[in-house]
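For reference, run-v4.tsv (TSV, C-alpha atoms (C1' of nucleotides) and all ligand atoms):
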chain	number	residue	atom	x	y	z
A	19	MET	CA	87.16	-77.84	22.65
A	20	ILE	CA	90.71	-79.06	23.10
A	21	ALA	CA	92.66	-77.83	26.11
A	22	SER	CA	94.90	-74.84	25.46
A	23	ASP	CA	98.10	-76.52	26.53
A	24	LYS	CA	97.45	-79.55	24.36
A	25	PHE	CA	96.65	-77.29	21.45
A	26	LEU	CA	99.85	-75.31	21.76
A	27	GLU	CA	101.85	-78.51	22.06
A	28	SER	CA	100.20	-79.82	18.92
A	29	LYS	CA	101.56	-76.75	17.18
A	30	GLY	CA	105.06	-77.31	18.48
A	31	ILE	CA	104.89	-74.60	21.13
A	32	ARG	CA	105.86	-75.20	24.71
A	33	PRO	CA	102.85	-74.18	26.79
A	34	THR	CA	104.35	-71.86	29.37
A	35	ALA	CA	102.14	-69.96	31.78
A	36	MET	CA	102.58	-66.74	29.86
A	37	ARG	CA	101.83	-68.33	26.52
A	38	LEU	CA	98.69	-69.95	27.84
A	39	LEU	CA	97.46	-66.63	29.18
A	40	VAL	CA	98.15	-64.89	25.90
A	41	PHE	CA	96.53	-67.66	23.92
A	42	GLN	CA	93.41	-67.64	26.05
A	43	HIS	CA	93.23	-63.90	25.89
A	44	LEU	CA	93.31	-64.05	22.11
A	45	ALA	CA	90.76	-66.85	22.11
A	46	LYS	CA	88.33	-64.77	24.14
A	47	SER	CA	88.69	-61.67	22.02
A	48	LYS	CA	86.28	-61.08	19.21
A	49	VAL	CA	88.48	-58.46	17.63
A	50	ALA	CA	92.07	-58.26	16.53
A	51	THR	CA	94.39	-57.47	19.39
A	52	THR	CA	97.42	-55.26	19.70
A	53	LEU	CA	100.54	-55.90	21.71
A	54	SER	CA	99.52	-53.06	24.00
A	55	ASP	CA	96.10	-54.60	24.53
A	56	ILE	CA	97.74	-57.71	25.86
A	57	GLU	CA	100.27	-55.74	27.83
A	58	ASN	CA	97.45	-53.91	29.57
A	59	ALA	CA	95.54	-57.10	30.20
A	60	PHE	CA	98.44	-58.63	32.11
A	61	ALA	CA	100.11	-55.81	33.94
A	62	LYS	CA	102.88	-58.02	35.24
A	63	ALA	CA	103.98	-59.25	31.85
A	64	ASP	CA	106.93	-57.79	30.06
A	65	ARG	CA	106.34	-56.28	26.68
A	66	THR	CA	109.23	-58.09	25.07
A	67	THR	CA	108.04	-61.47	26.23
A	68	LEU	CA	104.60	-60.76	24.88
A	69	PHE	CA	106.11	-59.56	21.63
A	70	ARG	CA	108.14	-62.72	21.25
A	71	THR	CA	105.20	-64.84	22.26
A	72	LEU	CA	103.19	-63.36	19.41
A	73	LYS	CA	106.06	-63.88	17.00
A	74	THR	CA	106.29	-67.51	18.06
A	75	PHE	CA	102.56	-67.95	17.64
A	76	GLU	CA	102.76	-66.35	14.23
A	77	GLN	CA	105.62	-68.54	13.12
A	78	LYS	CA	103.78	-71.64	14.27
A	79	ARG	CA	100.62	-70.46	12.53
A	80	VAL	CA	98.59	-70.03	15.65
A	81	VAL	CA	97.93	-66.37	14.98
A	82	HIS	CA	98.13	-64.15	11.94
A	83	GLN	CA	99.32	-60.60	11.94
A	84	ILE	CA	96.98	-57.94	10.62
A	85	ASP	CA	98.15	-54.66	9.20
A	86	ASP	CA	94.96	-52.63	9.09
A	87	GLY	CA	96.71	-49.40	8.19
A	88	SER	CA	96.34	-47.91	11.64
A	89	GLY	CA	100.08	-48.09	12.13
A	90	ILE	CA	99.78	-50.63	14.90
A	91	MET	CA	100.01	-54.31	14.17
A	92	LYS	CA	97.20	-56.51	15.36
A	93	TYR	CA	96.92	-60.22	15.88
A	94	ALA	CA	94.12	-62.73	15.76
A	95	LEU	CA	93.90	-66.46	16.15
A	96	CYS	CA	93.90	-68.44	12.97
A	97	GLU	CA	90.78	-70.39	12.22
A	98	GLU	CA	90.46	-73.99	13.30
A	99	GLY	CA	90.53	-75.53	9.87
A	100	CYS	CA	92.93	-73.00	8.47
A	101	ASN	CA	95.57	-74.49	6.21
A	102	CYS	CA	98.05	-71.75	6.80
A	103	GLU	CA	100.97	-74.07	6.20
A	104	LEU	CA	100.24	-74.34	2.52
A	105	GLU	CA	98.72	-71.08	1.61
A	106	ARG	CA	97.64	-68.04	3.50
A	107	ASP	CA	94.05	-67.97	4.55
A	108	LEU	CA	93.18	-64.88	2.59
A	109	HIS	CA	90.15	-63.46	4.30
A	110	LEU	CA	89.66	-59.74	4.52
A	111	HIS	CA	89.74	-57.44	7.52
A	112	PHE	CA	87.47	-54.62	8.50
A	113	HIS	CA	88.81	-51.63	10.38
A	114	CYS	CA	86.25	-49.37	12.05
A	115	THR	CA	87.29	-45.75	11.88
A	116	ASN	CA	84.92	-44.95	14.71
A	117	CYS	CA	85.84	-47.37	17.48
A	118	GLY	CA	89.22	-48.31	16.07
A	119	GLU	CA	88.55	-52.03	16.25
A	120	THR	CA	89.57	-54.44	13.56
A	121	ILE	CA	87.86	-57.74	12.96
A	122	CYS	CA	88.52	-60.75	10.80
A	123	LEU	CA	85.80	-61.38	8.26
A	124	THR	CA	86.80	-64.97	7.80
A	125	GLU	CA	83.87	-65.73	5.55
A	126	GLN	CA	84.80	-62.99	3.10
A	127	LYS	CA	87.69	-64.26	1.04
A	128	ILE	CA	89.82	-61.96	-1.04
A	129	PRO	CA	88.64	-62.40	-4.61
A	130	HIS	CA	91.02	-63.60	-7.26
A	131	ILE	CA	92.60	-60.80	-9.24
A	132	ASN	CA	93.89	-61.04	-12.78
A	133	LEU	CA	97.28	-59.41	-12.81
A	134	PRO	CA	99.18	-58.08	-15.82
A	135	ASP	CA	101.76	-60.37	-17.40
A	136	GLY	CA	104.85	-60.92	-15.34
A	137	PHE	CA	103.30	-60.27	-11.96
A	138	VAL	CA	103.12	-63.21	-9.58
A	139	ALA	CA	101.13	-62.71	-6.40
A	140	GLU	CA	102.07	-64.71	-3.35
A	141	ASP	CA	100.16	-62.88	-0.69
A	142	ALA	CA	97.36	-60.39	-0.41
A	143	ASN	CA	96.04	-57.95	2.13
A	144	LEU	CA	92.62	-56.40	1.83
A	145	VAL	CA	91.40	-54.01	4.49
A	146	LEU	CA	88.05	-52.29	4.32
A	147	LYS	CA	87.61	-49.21	6.43
A	148	GLY	CA	84.36	-47.74	7.59
A	149	ILE	CA	81.79	-48.18	10.32
A	150	CYS	CA	81.39	-51.52	12.02
A	151	ASP	CA	78.13	-53.17	12.96
A	152	LYS	CA	78.34	-52.09	16.57
A	153	CYS	CA	79.03	-48.47	15.68
A	154	SER	CA	76.38	-48.27	12.99
A	155	GLY	CA	73.84	-49.21	15.65
A	156	GLN	CA	72.58	-52.33	13.97
B	15	MET	CA	100.31	-31.71	-21.03
B	16	ILE	CA	99.55	-28.79	-18.77
B	17	ALA	CA	102.46	-26.98	-17.12
B	18	SER	CA	103.26	-28.11	-13.61
B	19	ASP	CA	102.78	-24.74	-11.99
B	20	LYS	CA	99.43	-24.22	-13.64
B	21	PHE	CA	98.38	-27.67	-12.57
B	22	LEU	CA	99.29	-27.12	-8.94
B	23	GLU	CA	97.50	-23.80	-8.97
B	24	SER	CA	94.43	-25.46	-10.37
B	25	LYS	CA	94.48	-27.68	-7.31
B	26	GLY	CA	94.79	-24.77	-4.96
B	27	ILE	CA	98.50	-25.23	-4.24
B	28	ARG	CA	100.99	-22.43	-4.46
B	29	PRO	CA	103.64	-23.62	-6.87
B	30	THR	CA	106.84	-23.00	-4.96
B	31	ALA	CA	110.16	-24.13	-6.34
B	32	MET	CA	110.30	-27.06	-3.92
B	33	ARG	CA	106.78	-28.17	-4.69
B	34	LEU	CA	107.40	-28.07	-8.41
B	35	LEU	CA	110.49	-30.21	-8.01
B	36	VAL	CA	108.65	-32.74	-5.89
B	37	PHE	CA	105.72	-32.81	-8.26
B	38	GLN	CA	107.93	-33.36	-11.28
B	39	HIS	CA	109.88	-36.03	-9.48
B	40	LEU	CA	106.66	-37.87	-8.73
B	41	ALA	CA	105.48	-37.39	-12.30
B	42	LYS	CA	108.62	-38.98	-13.67
B	43	SER	CA	108.54	-41.96	-11.34
B	44	LYS	CA	106.90	-45.14	-12.49
B	45	VAL	CA	106.73	-46.53	-8.98
B	46	ALA	CA	105.43	-45.31	-5.67
B	47	THR	CA	107.90	-43.07	-3.90
B	48	THR	CA	108.96	-42.76	-0.31
B	49	LEU	CA	109.83	-39.61	1.55
B	50	SER	CA	113.42	-40.81	1.68
B	51	ASP	CA	113.48	-41.34	-2.06
B	52	ILE	CA	112.63	-37.72	-2.56
B	53	GLU	CA	115.00	-36.61	0.16
B	54	ASN	CA	117.83	-38.40	-1.63
B	55	ALA	CA	116.86	-36.98	-4.98
B	56	PHE	CA	117.18	-33.42	-3.73
B	57	ALA	CA	120.00	-33.43	-1.25
B	58	LYS	CA	119.47	-29.81	-0.34
B	59	ALA	CA	115.87	-30.20	0.66
B	60	ASP	CA	114.80	-30.57	4.24
B	61	ARG	CA	112.93	-33.70	5.18
B	62	THR	CA	110.22	-31.79	7.01
B	63	THR	CA	109.47	-29.57	4.06
B	64	LEU	CA	109.20	-32.59	1.80
B	65	PHE	CA	106.97	-34.30	4.33
B	66	ARG	CA	104.66	-31.33	4.49
B	67	THR	CA	104.73	-30.95	0.74
B	68	LEU	CA	103.47	-34.50	0.40
B	69	LYS	CA	100.79	-33.90	3.02
B	70	THR	CA	99.65	-30.83	1.15
B	71	PHE	CA	99.58	-32.75	-2.10
B	72	GLU	CA	97.61	-35.49	-0.43
B	73	GLN	CA	95.10	-33.12	1.06
B	74	LYS	CA	94.59	-31.44	-2.29
B	75	ARG	CA	94.23	-34.81	-3.98
B	76	VAL	CA	97.34	-34.52	-6.08
B	77	VAL	CA	98.89	-37.65	-4.63
B	78	HIS	CA	97.58	-40.61	-2.72
B	79	GLN	CA	99.36	-42.32	0.11
B	80	ILE	CA	100.05	-46.02	-0.21
B	81	ASP	CA	100.50	-48.32	2.74
B	82	ASP	CA	101.97	-51.42	1.16
B	83	GLY	CA	102.75	-53.09	4.46
B	84	SER	CA	106.46	-52.45	4.21
B	85	GLY	CA	106.24	-50.07	7.13
B	86	ILE	CA	107.19	-47.10	5.00
B	87	MET	CA	104.56	-44.91	3.46
B	88	LYS	CA	104.72	-44.35	-0.26
B	89	TYR	CA	103.16	-41.77	-2.50
B	90	ALA	CA	102.06	-41.67	-6.10
B	91	LEU	CA	100.36	-39.10	-8.27
B	92	CYS	CA	96.65	-39.49	-8.66
B	93	GLU	CA	95.42	-40.28	-12.11
B	94	GLU	CA	94.40	-37.50	-14.46
B	95	GLY	CA	90.72	-38.24	-14.52
B	96	CYS	CA	90.58	-39.36	-10.93
B	97	ASN	CA	87.55	-38.08	-9.06
B	98	CYS	CA	89.18	-38.31	-5.70
B	99	GLU	CA	87.04	-35.53	-4.31
B	100	LEU	CA	83.92	-37.65	-4.36
B	101	GLU	CA	85.17	-41.11	-3.82
B	102	ARG	CA	88.52	-42.71	-3.54
B	103	ASP	CA	89.95	-44.15	-6.68
B	104	LEU	CA	90.14	-47.68	-5.43
B	105	HIS	CA	92.77	-49.35	-7.52
B	106	LEU	CA	95.04	-51.95	-6.06
B	107	HIS	CA	98.76	-51.85	-5.38
B	108	PHE	CA	101.43	-54.42	-5.98
B	109	HIS	CA	104.40	-54.69	-3.70
B	110	CYS	CA	107.37	-56.67	-4.97
B	111	THR	CA	109.05	-58.60	-2.20
B	112	ASN	CA	112.17	-58.91	-4.33
B	113	CYS	CA	113.02	-55.37	-5.37
B	114	GLY	CA	110.84	-53.67	-2.78
B	115	GLU	CA	109.08	-51.48	-5.30
B	116	THR	CA	105.41	-50.74	-5.17
B	117	ILE	CA	103.37	-49.81	-8.16
B	118	CYS	CA	99.84	-48.59	-8.76
B	119	LEU	CA	97.79	-50.97	-10.84
B	120	THR	CA	95.32	-48.31	-11.78
B	121	GLU	CA	93.47	-50.56	-14.18
B	122	GLN	CA	92.79	-53.14	-11.52
B	123	LYS	CA	89.99	-51.85	-9.36
B	124	ILE	CA	89.20	-53.32	-6.00
B	125	PRO	CA	86.18	-55.55	-6.52
B	126	HIS	CA	82.99	-54.84	-4.67
B	127	ILE	CA	82.59	-56.88	-1.50
B	128	ASN	CA	79.34	-57.85	0.13
B	129	LEU	CA	79.70	-57.12	3.80
B	130	PRO	CA	77.66	-58.53	6.67
B	131	ASP	CA	74.74	-56.43	7.91
B	132	GLY	CA	75.71	-53.32	9.79
B	133	PHE	CA	79.10	-52.84	8.16
B	134	VAL	CA	79.50	-49.75	6.01
B	135	ALA	CA	82.70	-49.52	4.00
B	136	GLU	CA	84.05	-46.10	3.14
B	137	ASP	CA	87.52	-46.96	1.99
B	138	ALA	CA	89.49	-49.97	0.94
B	139	ASN	CA	93.10	-50.95	0.63
B	140	LEU	CA	94.19	-53.98	-1.34
B	141	VAL	CA	97.86	-54.81	-1.62
B	142	LEU	CA	99.13	-57.84	-3.47
B	143	LYS	CA	102.63	-59.01	-2.64
B	144	GLY	CA	104.84	-61.12	-4.82
B	145	ILE	CA	107.22	-60.76	-7.72
B	146	CYS	CA	106.86	-57.88	-10.12
B	147	ASP	CA	107.22	-58.05	-13.89
B	148	LYS	CA	110.77	-56.76	-13.87
B	149	CYS	CA	111.91	-59.23	-11.23
B	150	SER	CA	110.17	-62.21	-12.78
B	151	GLY	CA	112.21	-61.58	-15.93
B	152	GLN	CA	109.31	-61.08	-18.28
C	23	DT	C1'	119.38	-86.74	41.73
C	24	DC	C1'	122.12	-83.36	39.84
C	25	DA	C1'	124.88	-81.14	36.56
C	26	DA	C1'	124.79	-79.77	31.75
C	27	DT	C1'	122.16	-77.82	28.25
C	28	DA	C1'	118.58	-75.45	26.04
C	29	DA	C1'	114.55	-72.41	26.09
C	30	DA	C1'	112.05	-68.59	27.84
C	31	DT	C1'	111.92	-64.31	30.20
C	32	DG	C1'	113.05	-59.41	31.77
C	33	DC	C1'	115.34	-55.13	31.34
C	34	DA	C1'	117.69	-51.76	28.83
C	35	DC	C1'	118.61	-49.97	24.70
C	36	DT	C1'	118.41	-49.12	19.74
C	37	DT	C1'	116.34	-48.06	15.31
C	38	DC	C1'	113.28	-46.29	12.17
C	39	DC	C1'	109.98	-43.43	10.51
C	40	DA	C1'	106.21	-40.21	11.30
C	41	DT	C1'	105.07	-35.98	13.32
C	42	DT	C1'	105.34	-31.51	15.80
C	43	DG	C1'	107.10	-26.78	17.83
C	44	DC	C1'	109.02	-22.86	16.90
C	45	DA	C1'	111.91	-19.49	14.91
C	46	DT	C1'	112.98	-17.71	10.39
C	47	DT	C1'	112.44	-16.72	5.69
C	48	DG	C1'	110.02	-15.63	1.63
C	49	DC	C1'	105.94	-14.30	-0.96
C	50	DC	C1'	101.96	-11.46	-1.97
C	51	DC	C1'	99.03	-7.67	-1.60
C	52	DT	C1'	97.84	-3.03	-0.38
D	13	DA	C1'	107.78	-0.07	2.04
D	14	DG	C1'	105.39	-2.85	5.33
D	15	DG	C1'	101.90	-6.03	7.31
D	16	DG	C1'	100.46	-10.59	7.28
D	17	DC	C1'	100.25	-15.13	6.05
D	18	DA	C1'	102.33	-19.18	3.97
D	19	DA	C1'	106.33	-21.93	3.45
D	20	DT	C1'	110.68	-23.50	5.08
D	21	DG	C1'	114.50	-25.33	8.17
D	22	DC	C1'	116.22	-27.14	12.28
D	23	DA	C1'	115.66	-29.48	16.44
D	24	DA	C1'	113.15	-32.33	19.17
D	25	DT	C1'	109.53	-35.65	20.22
D	26	DG	C1'	106.64	-39.89	19.92
D	27	DG	C1'	105.23	-44.48	18.99
D	28	DA	C1'	106.08	-48.84	17.76
D	29	DA	C1'	109.08	-52.62	16.23
D	30	DG	C1'	113.01	-54.99	17.13
D	31	DT	C1'	117.75	-56.48	19.39
D	32	DG	C1'	121.54	-57.71	22.97
D	33	DC	C1'	122.49	-59.72	26.83
D	34	DA	C1'	122.11	-61.32	31.47
D	35	DT	C1'	119.04	-64.13	34.29
D	36	DT	C1'	115.73	-67.43	35.31
D	37	DT	C1'	113.23	-71.57	34.30
D	38	DA	C1'	112.58	-75.95	32.11
D	39	DT	C1'	114.41	-80.28	30.00
D	40	DT	C1'	117.63	-83.84	29.36
D	41	DG	C1'	120.54	-87.56	30.25
D	42	DA	C1'	124.45	-89.33	32.91
E	201	MN	MN	92.12	-62.23	10.20
E	202	MN	MN	98.03	-46.02	-6.39
E	203	ZN	ZN	83.26	-49.63	15.37
E	204	ZN	ZN	110.43	-56.37	-8.27
Give the structure from this file in C-alpha cells form.
Ligand SMILES: [Mn+2]
Ligand SMILES: [Mn+2]
Ligand SMILES: [Zn+2]
Ligand SMILES: [Zn+2]
Amino acid sequence: MIASDKFLESKGIRPTAMRLLVFQHLAKSKVATTLSDIENAFAKADRTTLFRTLKTFEQKRVVHQIDDGSGIMKYALCEEGCNCELERDLHLHFHCTNCGETICLTEQKIPHINLPDGFVAEDANLVLKGICDKCSGQ
Amino acid sequence: MIASDKFLESKGIRPTAMRLLVFQHLAKSKVATTLSDIENAFAKADRTTLFRTLKTFEQKRVVHQIDDGSGIMKYALCEEGCNCELERDLHLHFHCTNCGETICLTEQKIPHINLPDGFVAEDANLVLKGICDKCSGQ
DNA sequence: TCAATAAATGCACTTCCATTGCATTGCCCT
DNA sequence: AGGGCAATGCAATGGAAGTGCATTTATTGA
C-alpha cells in the first residue's frame, strides 16, 4: 500500500491537499462516483476544482470515466496493474436501476467482436443494467 | 412494404402528418438520427413536437434510443421482426469518432455475459468507437 | 531570501441538450 | 354542431459539462 502522495507523484500529478482528498475518497468507494458525490463529501470544495481534478486524474490514467447511460458521468480508480497507457482496460460496468449505483466489473472483460469489413474499433463501452447484488438481496 | 400510416396505426400511433414525415425520414436514414437532424430536415417543425414524436415512437417500440456516448441521444427504427415487446433487441452500435455517425449493427448481437452472483441483467448497451467503413476508405 | 514564474483554485458565467407547463389547435366521434 | 381528447407550438426550466478570468498557492532560480 503505497502512500497516496507518492502514488500521485508517480503518475505525474502534484499531490495537493484537494487532490489527495479526492483520491482517497475514490479509493474508499466501492462504486463509481459522480462529481456531485465528491462535492457533497467535501462541502468546502469548489465544483470546478473537483471537476478539473477528475479531468487531471483521467488524463494521467488514475481514474477512468464511466458513461453508464444515466446521463451523469461517473469516475472510478483504475486498477493497479492496469495498462491504460497502451490500451484501454476494457472491463464492463453494471448499472443498478434500483439503487442507481454503478460498479466496475473488472474481471468481466468486454468480449472481442468481429466487425464488418472497414470498421476499426478503438474503444468499447459495455454497460449492463439491472439489479445489483445488494438490491437483489443476495 | 406496408404503407407508413398503416404501419403506425398497427403500432397504436395516430398517423399525423408530422409523425409520418418523421417516420419516413427515419426509414430513409442509414444512420442513427438526432433530434437536431430531424429539426433541420423539417425547418417548419417545432423541436418539442419532434421530441415528443420520438418519445411516442420509442414507447410504442417503433424506434430505439441510442446512447453512443457522444452526449446526444440518437434514434433509429427498430428492425422489422424485432420482438421489442418481450425483450430488447440487443444489437451493438458503432460510433465513428471521425464523422460522428452512429450506426446499428443489427447483425452483431451483444454476447451473453456471465455475471457474479446476485447480479441480474435486464438490459445492455454496447457501443464500439472507432473508424467506420466510409471513413476508413474501404 | 525574495522576486519571477508557473500551477492550482474559486467564482461567475456560458453552452448544450433534455424536458416540462400551459395555452392553442386539430381530430374524431356522437 | 359540439364535446372531449390528442397533438402541437411556444416559452421556460433543469441538469450537467465546460470555459474565462482573477486570485491564491507553490516552485524555481538568481
Ligand atoms: Mn470501471
Ligand atoms: Mn440500433
Ligand atoms: Zn442496486
Ligand atoms: Zn465515419
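With the cut-off set to 10 Å and only C-alpha atoms (C1' of nucleotides) counted, chain D residues close to chain B are DA18, DA19, DT20, DG21, DC22 and DA29 of chain D.
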Moved coordinates, chain A onto chain B, all Cα atoms, as a short mmCIF file (atom, residue, chain, number, x, y, z; two decimals) with C-alpha atoms, in the coordinates of the input:
data_model
loop_
_atom_site.label_atom_id
_atom_site.label_comp_id
_atom_site.auth_asym_id
_atom_site.auth_seq_id
_atom_site.Cartn_x
_atom_site.Cartn_y
_atom_site.Cartn_z
CA MET A 19 100.50 -31.77 -21.07
CA ILE A 20 99.71 -28.82 -18.83
CA ALA A 21 102.59 -27.01 -17.17
CA SER A 22 103.36 -28.13 -13.63
CA ASP A 23 102.88 -24.75 -12.04
CA LYS A 24 99.53 -24.23 -13.72
CA PHE A 25 98.47 -27.69 -12.64
CA LEU A 26 99.35 -27.12 -9.01
CA GLU A 27 97.57 -23.78 -9.06
CA SER A 28 94.50 -25.45 -10.49
CA LYS A 29 94.54 -27.67 -7.43
CA GLY A 30 94.81 -24.74 -5.06
CA ILE A 31 98.50 -25.23 -4.32
CA ARG A 32 101.00 -22.43 -4.53
CA PRO A 33 103.70 -23.62 -6.93
CA THR A 34 106.89 -22.99 -4.99
CA ALA A 35 110.22 -24.16 -6.33
CA MET A 36 110.33 -27.06 -3.92
CA ARG A 37 106.81 -28.17 -4.70
CA LEU A 38 107.46 -28.09 -8.42
CA LEU A 39 110.55 -30.23 -7.99
CA VAL A 40 108.69 -32.74 -5.87
CA PHE A 41 105.77 -32.82 -8.26
CA GLN A 42 107.98 -33.38 -11.27
CA HIS A 43 109.91 -36.03 -9.46
CA LEU A 44 106.69 -37.88 -8.72
CA ALA A 45 105.53 -37.39 -12.29
CA LYS A 46 108.68 -39.00 -13.64
CA SER A 47 108.56 -41.97 -11.32
CA LYS A 48 106.90 -45.13 -12.47
CA VAL A 49 106.71 -46.51 -8.97
CA ALA A 50 105.41 -45.31 -5.66
CA THR A 51 107.87 -43.08 -3.88
CA THR A 52 108.90 -42.76 -0.28
CA LEU A 53 109.78 -39.61 1.59
CA SER A 54 113.36 -40.83 1.76
CA ASP A 55 113.44 -41.36 -1.99
CA ILE A 56 112.62 -37.73 -2.50
CA GLU A 57 114.96 -36.64 0.24
CA ASN A 58 117.80 -38.44 -1.51
CA ALA A 59 116.85 -37.02 -4.87
CA PHE A 60 117.19 -33.45 -3.62
CA ALA A 61 120.00 -33.46 -1.14
CA LYS A 62 119.48 -29.84 -0.23
CA ALA A 63 115.85 -30.22 0.72
CA ASP A 64 114.75 -30.55 4.29
CA ARG A 65 112.86 -33.64 5.25
CA THR A 66 110.14 -31.75 7.04
CA THR A 67 109.43 -29.54 4.07
CA LEU A 68 109.18 -32.56 1.84
CA PHE A 69 106.93 -34.26 4.36
CA ARG A 70 104.61 -31.28 4.49
CA THR A 71 104.71 -30.92 0.75
CA LEU A 72 103.44 -34.47 0.40
CA LYS A 73 100.76 -33.87 3.00
CA THR A 74 99.63 -30.78 1.11
CA PHE A 75 99.57 -32.71 -2.14
CA GLU A 76 97.59 -35.45 -0.47
CA GLN A 77 95.08 -33.06 1.00
CA LYS A 78 94.60 -31.39 -2.36
CA ARG A 79 94.25 -34.78 -4.04
CA VAL A 80 97.35 -34.50 -6.13
CA VAL A 81 98.88 -37.63 -4.66
CA HIS A 82 97.55 -40.59 -2.74
CA GLN A 83 99.31 -42.30 0.08
CA ILE A 84 100.00 -46.01 -0.23
CA ASP A 85 100.45 -48.30 2.72
CA ASP A 86 101.91 -51.40 1.13
CA GLY A 87 102.68 -53.07 4.43
CA SER A 88 106.39 -52.44 4.21
CA GLY A 89 106.17 -50.06 7.14
CA ILE A 90 107.12 -47.09 5.03
CA MET A 91 104.48 -44.92 3.46
CA LYS A 92 104.67 -44.34 -0.25
CA TYR A 93 103.12 -41.76 -2.50
CA ALA A 94 102.05 -41.66 -6.11
CA LEU A 95 100.37 -39.11 -8.29
CA CYS A 96 96.66 -39.47 -8.69
CA GLU A 97 95.42 -40.25 -12.14
CA GLU A 98 94.40 -37.47 -14.48
CA GLY A 99 90.71 -38.22 -14.54
CA CYS A 100 90.59 -39.35 -10.96
CA ASN A 101 87.54 -38.14 -9.08
CA CYS A 102 89.17 -38.31 -5.72
CA GLU A 103 87.00 -35.54 -4.36
CA LEU A 104 83.91 -37.68 -4.38
CA GLU A 105 85.15 -41.13 -3.79
CA ARG A 106 88.52 -42.72 -3.49
CA ASP A 107 89.93 -44.14 -6.65
CA LEU A 108 90.12 -47.68 -5.40
CA HIS A 109 92.73 -49.33 -7.53
CA LEU A 110 95.01 -51.94 -6.06
CA HIS A 111 98.73 -51.84 -5.40
CA PHE A 112 101.40 -54.40 -6.02
CA HIS A 113 104.39 -54.67 -3.74
CA CYS A 114 107.36 -56.65 -5.03
CA THR A 115 109.04 -58.58 -2.26
CA ASN A 116 112.15 -58.89 -4.39
CA CYS A 117 113.00 -55.34 -5.42
CA GLY A 118 110.84 -53.65 -2.81
CA GLU A 119 109.06 -51.45 -5.32
CA THR A 120 105.38 -50.73 -5.18
CA ILE A 121 103.33 -49.78 -8.19
CA CYS A 122 99.81 -48.58 -8.77
CA LEU A 123 97.75 -50.95 -10.86
CA THR A 124 95.28 -48.28 -11.79
CA GLU A 125 93.42 -50.53 -14.18
CA GLN A 126 92.75 -53.14 -11.50
CA LYS A 127 89.95 -51.84 -9.34
CA ILE A 128 89.18 -53.31 -5.97
CA PRO A 129 86.15 -55.53 -6.47
CA HIS A 130 82.97 -54.86 -4.59
CA ILE A 131 82.64 -56.91 -1.43
CA ASN A 132 79.40 -57.93 0.22
CA LEU A 133 79.78 -57.21 3.89
CA PRO A 134 77.75 -58.66 6.76
CA ASP A 135 74.83 -56.59 8.04
CA GLY A 136 75.80 -53.49 9.92
CA PHE A 137 79.17 -52.97 8.30
CA VAL A 138 79.56 -49.87 6.16
CA ALA A 139 82.74 -49.59 4.13
CA GLU A 140 84.04 -46.16 3.28
CA ASP A 141 87.51 -46.99 2.10
CA ALA A 142 89.49 -49.99 1.00
CA ASN A 143 93.11 -50.97 0.66
CA LEU A 144 94.19 -53.98 -1.33
CA VAL A 145 97.86 -54.81 -1.64
CA LEU A 146 99.13 -57.83 -3.51
CA LYS A 147 102.61 -58.99 -2.71
CA GLY A 148 104.83 -61.09 -4.88
CA ILE A 149 107.21 -60.74 -7.79
CA CYS A 150 106.85 -57.85 -10.19
CA ASP A 151 107.19 -58.00 -13.94
CA LYS A 152 110.73 -56.70 -13.92
CA CYS A 153 111.87 -59.20 -11.30
CA SER A 154 110.13 -62.16 -12.88
CA GLY A 155 112.18 -61.50 -16.00
CA GLN A 156 109.27 -60.99 -18.33
#
Q: List all protein, DNA and RNA residues that have at least one atom no more than 6 Å from any atom of ligand ZN 204 (chain E), counting only C-alpha atoms (C1' of nucleotides) and all ligand atoms, and write them as a VMD selection string.
A: chain B and resid 110 112 to 113 115 145 to 146 148 to 149
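The closest residue to chain B, picked from A:Ile121, A:Gly87, A:Ala94, A:Arg37 and counting all atoms listed in the file, is A:Gly87.
In chain C, the set of residues within 12 Å of chain B (atoms considered: all atoms listed in the file) is DC38, DC39, DA40, DT41, DT42, DG48, DC49 and DC50 of chain C.
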Generate the output file for the selected residues, C-alpha atoms (C1' of nucleotides), as a short mmCIF file (atom, residue, chain, number, x, y, z; two decimals), in the frame of the given file.
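again19.cif was written with the following content:
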data_model
loop_
_atom_site.label_atom_id
_atom_site.label_comp_id
_atom_site.auth_asym_id
_atom_site.auth_seq_id
_atom_site.Cartn_x
_atom_site.Cartn_y
_atom_site.Cartn_z
"C1'" DC C 38 113.28 -46.29 12.17
"C1'" DC C 39 109.98 -43.43 10.51
"C1'" DA C 40 106.21 -40.21 11.30
"C1'" DT C 41 105.07 -35.98 13.32
"C1'" DT C 42 105.34 -31.51 15.80
"C1'" DG C 48 110.02 -15.63 1.63
"C1'" DC C 49 105.94 -14.30 -0.96
"C1'" DC C 50 101.96 -11.46 -1.97
#
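Residues from chain A found within 7 Å of chain B are Asp85, Gly87, Asp135, Gly136, Phe137, Val138, Ala139, Glu140, Asp141, Ala142, Asn143, Leu144, Val145, Leu146, Lys147, Gly148, Ile149, Cys150, Asp151, Ser154 and Gln156 of chain A, counting all atoms listed in the file.
Contacts with ligand MN 201 (chain E) are defined as any residue atom within 9 Å of a ligand atom, using only C-alpha atoms (C1' of nucleotides) and all ligand atoms; the residues meeting this criterion are Ala50, Val81, His82, Gln83, Ile84, Tyr93, Ala94, Leu95, Cys96, Glu97, Asp107, Leu108, His109, Leu110, His111, Thr120, Ile121, Cys122, Leu123 and Thr124 of chain A.
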Q: Fewer than 2 positions away in the same chain doesn't count, so skip those; otherwise give me all residues within 10 Å of DT37 of chain D, counting all atoms listed in the file, as a ChimeraX atom specification.
A: /C:29-31 /D:35,39
